[in-house]
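Take a look at the structure below.
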Amino acid sequence: MELTFQEQKFEFNTKPSPDEIVAKINELLKENYYFSHFIADGFEIYDDHEDYLIVNIDRIEKLEVIAKTEKEFLNELLLSTEDYLKRAKPELASLSDGFYSNPSPEVRSSFSQLMEGLQWLDEMLAAIDNSNERPADWDICMELSASMNAEIANLSEAVENSDNILIADIIQYEFIPLFESLETEIGKTIDTVGTRHDLS
């Protein structure tokens with residue numbers, strides 16, 4: 001099997017195990033790159049990489065590793081975060097309305113998705129904050145992140161007390177403005193240090 005990454009080529013003389021392949025990929029990438037996906041004999045594999053290797057190890061002849069620099073990776077995180085905030089804002093408004101009236105199972109399901117989204121958002125902001133390519137004007141986003149975490153704690157308390165009105169208030173008066181501010185700041189960061197894929 002031949003493993004390639006940019007100009008580097010590595011030939012396994014014997015059939016490698018999935019762990020050996022992963023170790024070699026990590027060695028090739030070092031600290032300068034973030035793994036994105038690989039192309040196995042022309043097929044792009046974005047998820048469950050190890051599972052794919054386990055099942056297909058006997059058939060793969062050429063494995064091409066695709067990775068991003070830290071700056072490219074950071075840009076992708078910023079774009080994903082901005083996209084999430086744009087999509088989430090209208091959902092927050094209807095979620096808030098749903099808790100002011102008696103919340104239906106659909107509203108409760110949307111609320112669970114919001115909690116997952118908030119966790120994802122917190123992880124993205126932390127990853128950007130810990131990056132070597134951390135944007136210079138990032139402090140405002142971290143202040144917003146701290147406010148968001150405080151409101152997540154308030155929201156958890158409201159859920160424990162089954163206080164639907166307080167849940168609705170926190171979503172409407174805290175999270176909607178927070179999401180708007182974060183979207184604005186992240187948009188400014190992208191326009192200052194990042195790149196957008198489509199300028200039209």
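The chains in the structure tokens are called A, B, ... from first to last as shown; in each chain the residues are counted from 1, and the ligands are counted from 1 in the order shown.
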Determine which residues of range 132-189 of chain A receive a DSSP assignment of alpha helix (DSSP H), computed from the backbone, and state them as number ranges by chain.
A: 139-160, 164-170, 176-189
For range 67-109 of chain A versus range 19-42 of chain A, which residues have an atom no more than 7 Å away, and what is each residue's nearest atom pair and distance in Å rounded to one decimal, using only C-alpha atoms, chain-then-number order, as a tab-separated table?
```
residue	atom	partner	partner_atom	distance
A:Ala67	CA	A:Phe35	CA	4.4
A:Lys68	CA	A:Tyr34	CA	5.2
A:Thr69	CA	A:Tyr33	CA	4.6
A:Glu70	CA	A:Tyr33	CA	5.9
A:Phe73	CA	A:Tyr34	CA	6.7
```
Selection to disk with N, CA and C atoms, as a PDB file, in the first residue's frame:
```pdb
ATOM      1  N   ALA A  67      -5.017  17.167   4.358  1.00  0.00           N
ATOM      2  CA  ALA A  67      -4.943  17.877   5.638  1.00  0.00           C
ATOM      3  C   ALA A  67      -4.957  19.376   5.394  1.00  0.00           C
ATOM      4  N   LYS A  68      -5.256  20.100   6.457  1.00  0.00           N
ATOM      5  CA  LYS A  68      -5.289  21.561   6.379  1.00  0.00           C
ATOM      6  C   LYS A  68      -4.218  22.134   7.300  1.00  0.00           C
ATOM      7  N   THR A  69      -3.704  23.292   6.929  1.00  0.00           N
ATOM      8  CA  THR A  69      -2.806  23.993   7.844  1.00  0.00           C
ATOM      9  C   THR A  69      -3.655  24.500   9.010  1.00  0.00           C
ATOM     10  N   GLU A  70      -3.000  24.916  10.072  1.00  0.00           N
ATOM     11  CA  GLU A  70      -3.756  25.421  11.225  1.00  0.00           C
ATOM     12  C   GLU A  70      -4.585  26.637  10.828  1.00  0.00           C
ATOM     13  N   PHE A  73      -7.571  25.369   8.904  1.00  0.00           N
ATOM     14  CA  PHE A  73      -8.451  24.692   9.848  1.00  0.00           C
ATOM     15  C   PHE A  73      -9.231  25.723  10.666  1.00  0.00           C
TER      16      PHE A  73
END
```
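Pairwise distance (CA of Glu91 in chain A, CA of Leu74 in chain A) equals 26.0 Å.
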Going by DSSP on the backbone, which residues of range 15-163 of chain A come out as strand (DSSP E or B)? List them as a list in words.
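After running DSSP on the backbone, range 15-163 of chain A has strand (DSSP E or B) at Tyr33, Tyr34, Phe35, Ser36, His37, Phe38, Ile39, Ala40, Phe43, Glu44, Ile45, Lys62, Leu63, Glu64, Val65, Ile66, Ala67, Lys68 and Thr69 of chain A.
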Could those selected residues go to a file with N, CA and C atoms, as a JSON list (two decimals), in the first residue's frame?
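Result file result.json:
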```
[["chain", "number", "residue", "atom", "x", "y", "z"],
["A", 33, "TYR", "N", -0.23, 20.37, 10.71],
["A", 33, "TYR", "CA", -1.45, 20.13, 9.92],
["A", 33, "TYR", "C", -2.54, 19.49, 10.76],
["A", 34, "TYR", "N", -3.78, 19.71, 10.32],
["A", 34, "TYR", "CA", -4.94, 19.05, 10.90],
["A", 34, "TYR", "C", -5.50, 18.09, 9.86],
["A", 35, "PHE", "N", -5.67, 16.85, 10.24],
["A", 35, "PHE", "CA", -6.21, 15.84, 9.32],
["A", 35, "PHE", "C", -7.62, 16.23, 8.91],
["A", 36, "SER", "N", -7.91, 16.15, 7.61],
["A", 36, "SER", "CA", -9.26, 16.43, 7.12],
["A", 36, "SER", "C", -9.95, 15.12, 6.73],
["A", 37, "HIS", "N", -9.37, 14.42, 5.75],
["A", 37, "HIS", "CA", -9.94, 13.16, 5.28],
["A", 37, "HIS", "C", -8.88, 12.44, 4.46],
["A", 38, "PHE", "N", -9.21, 11.27, 3.95],
["A", 38, "PHE", "CA", -8.29, 10.64, 3.02],
["A", 38, "PHE", "C", -9.03, 10.14, 1.80],
["A", 39, "ILE", "N", -8.26, 9.91, 0.75],
["A", 39, "ILE", "CA", -8.82, 9.39, -0.51],
["A", 39, "ILE", "C", -8.23, 8.00, -0.69],
["A", 40, "ALA", "N", -9.09, 7.00, -0.65],
["A", 40, "ALA", "CA", -8.66, 5.61, -0.80],
["A", 40, "ALA", "C", -9.00, 5.15, -2.21],
["A", 43, "PHE", "N", -11.69, 7.20, -3.76],
["A", 43, "PHE", "CA", -12.91, 7.47, -2.99],
["A", 43, "PHE", "C", -12.58, 8.33, -1.78],
["A", 44, "GLU", "N", -13.30, 9.47, -1.65],
["A", 44, "GLU", "CA", -13.07, 10.35, -0.52],
["A", 44, "GLU", "C", -13.80, 9.83, 0.71],
["A", 45, "ILE", "N", -13.07, 9.67, 1.81],
["A", 45, "ILE", "CA", -13.64, 9.14, 3.05],
["A", 45, "ILE", "C", -13.52, 10.22, 4.12],
["A", 62, "LYS", "N", -3.81, 2.65, -2.79],
["A", 62, "LYS", "CA", -3.25, 3.99, -2.63],
["A", 62, "LYS", "C", -4.13, 4.79, -1.68],
["A", 63, "LEU", "N", -3.49, 5.37, -0.67],
["A", 63, "LEU", "CA", -4.19, 6.17, 0.32],
["A", 63, "LEU", "C", -3.57, 7.56, 0.33],
["A", 64, "GLU", "N", -4.38, 8.56, -0.07],
["A", 64, "GLU", "CA", -3.88, 9.93, -0.10],
["A", 64, "GLU", "C", -4.47, 10.70, 1.07],
["A", 65, "VAL", "N", -3.60, 11.30, 1.87],
["A", 65, "VAL", "CA", -4.03, 12.04, 3.06],
["A", 65, "VAL", "C", -4.27, 13.50, 2.69],
["A", 66, "ILE", "N", -5.43, 14.02, 3.10],
["A", 66, "ILE", "CA", -5.76, 15.42, 2.87],
["A", 66, "ILE", "C", -5.79, 16.11, 4.23],
["A", 67, "ALA", "N", -5.02, 17.17, 4.36],
["A", 67, "ALA", "CA", -4.94, 17.88, 5.64],
["A", 67, "ALA", "C", -4.96, 19.38, 5.39],
["A", 68, "LYS", "N", -5.26, 20.10, 6.46],
["A", 68, "LYS", "CA", -5.29, 21.56, 6.38],
["A", 68, "LYS", "C", -4.22, 22.13, 7.30],
["A", 69, "THR", "N", -3.70, 23.29, 6.93],
["A", 69, "THR", "CA", -2.81, 23.99, 7.84],
["A", 69, "THR", "C", -3.65, 24.50, 9.01]]
```
I'd like a table as a tab-separated table: residues in range 110-170 of chain A with an atom no more than 10 Å from range 79-82 of chain A, each row giving the shortest atom pair and its distance in Å to one decimal, only C-alpha atoms counted, sorted by chain and rising residue number.
```
residue	atom	partner	partner_atom	distance
A:Trp120	CA	A:Thr81	CA	9.1
A:Leu121	CA	A:Thr81	CA	6.8
A:Asp122	CA	A:Thr81	CA	9.9
A:Met124	CA	A:Thr81	CA	7.1
A:Leu125	CA	A:Thr81	CA	8.3
```
For Phe99 in chain A, which of A:Lys188, A:Gln172, A:Gln113, A:Lys71 is the closest residue, counting only C-alpha atoms?
A:Gln172
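Remark: for Tyr84 in chain A, the closest of the candidate residues A:Ile54, A:Tyr46, A:Glu180, A:Glu157 is A:Glu180 (distances computed over only C-alpha atoms).
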Would you mind telling me which residue in A:Asp169, A:Ser181, A:Ser156, A:Pro18 lies nearest to Tyr100 in chain A when using only C-alpha atoms?
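The shortest atom-to-atom distance to Tyr100 in chain A comes from A:Asp169.
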Would you kindly return, as a short mmCIF file (atom, residue, chain, number, x, y, z; two decimals) with N, CA and C atoms, in the first residue's frame, each protein, DNA or RNA residue with an atom no farther than 7 Å from any atom of range 137-150 of chain A, considering only C-alpha atoms and excluding same-chain residues fewer than 2 positions away?
```
data_model
loop_
_atom_site.label_atom_id
_atom_site.label_comp_id
_atom_site.auth_asym_id
_atom_site.auth_seq_id
_atom_site.Cartn_x
_atom_site.Cartn_y
_atom_site.Cartn_z
N ASP A 122 -19.53 25.98 22.15
CA ASP A 122 -18.54 26.21 23.21
C ASP A 122 -17.21 25.53 22.85
N PRO A 135 -7.07 34.54 16.52
CA PRO A 135 -7.18 35.91 15.98
C PRO A 135 -6.87 36.96 17.05
N ILE A 152 -26.02 29.24 30.10
CA ILE A 152 -26.27 27.78 30.03
C ILE A 152 -26.55 27.26 31.45
N ALA A 153 -25.77 27.75 32.43
CA ALA A 153 -25.99 27.34 33.83
C ALA A 153 -27.37 27.78 34.31
N ASN A 154 -27.77 29.02 33.97
CA ASN A 154 -29.11 29.51 34.33
C ASN A 154 -30.19 28.69 33.67
N LEU A 178 -27.03 37.15 22.37
CA LEU A 178 -25.68 36.57 22.39
C LEU A 178 -25.30 36.01 21.02
N LEU A 182 -22.26 37.27 18.71
CA LEU A 182 -21.23 36.32 18.29
C LEU A 182 -21.12 36.26 16.77
N GLU A 185 -19.29 39.38 15.57
CA GLU A 185 -17.85 39.35 15.88
C GLU A 185 -17.10 38.31 15.04
#
```
Nearest to Ala93 in chain A, restricted to only C-alpha atoms and choosing among A:Asp51, A:Ile171, A:Gln119, A:Arg134, comes out as A:Ile171
Proximity to Ile170 in chain A - best of A:Ile128, A:Asp97, A:Ile60, A:Ala88, only C-alpha atoms
A:Asp97
For Leu114 in chain A, the nearest of the candidates A:Thr192, A:Ser94, A:Thr184, A:Ser131, counting only C-alpha atoms:
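Distance minimum relative to Leu114 in chain A lands on A:Ser94.
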Fewer than 5 positions away in the same chain doesn't count, so skip those; otherwise give me all residues within 8 Å of Asn75 in chain A, counting only C-alpha atoms, as a ChimeraX atom specification.
/A:190,194-195
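Atom pair CA of Tyr52 in chain A / CA of Leu77 in chain A has a distance of 25.1 Å (rounded to one decimal).
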Just give me the gap between CA of Asp83 in chain A and CA of Ala136 in chain A in Å, one decimal is fine.
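Distance between the two atoms: 21.3 Å.
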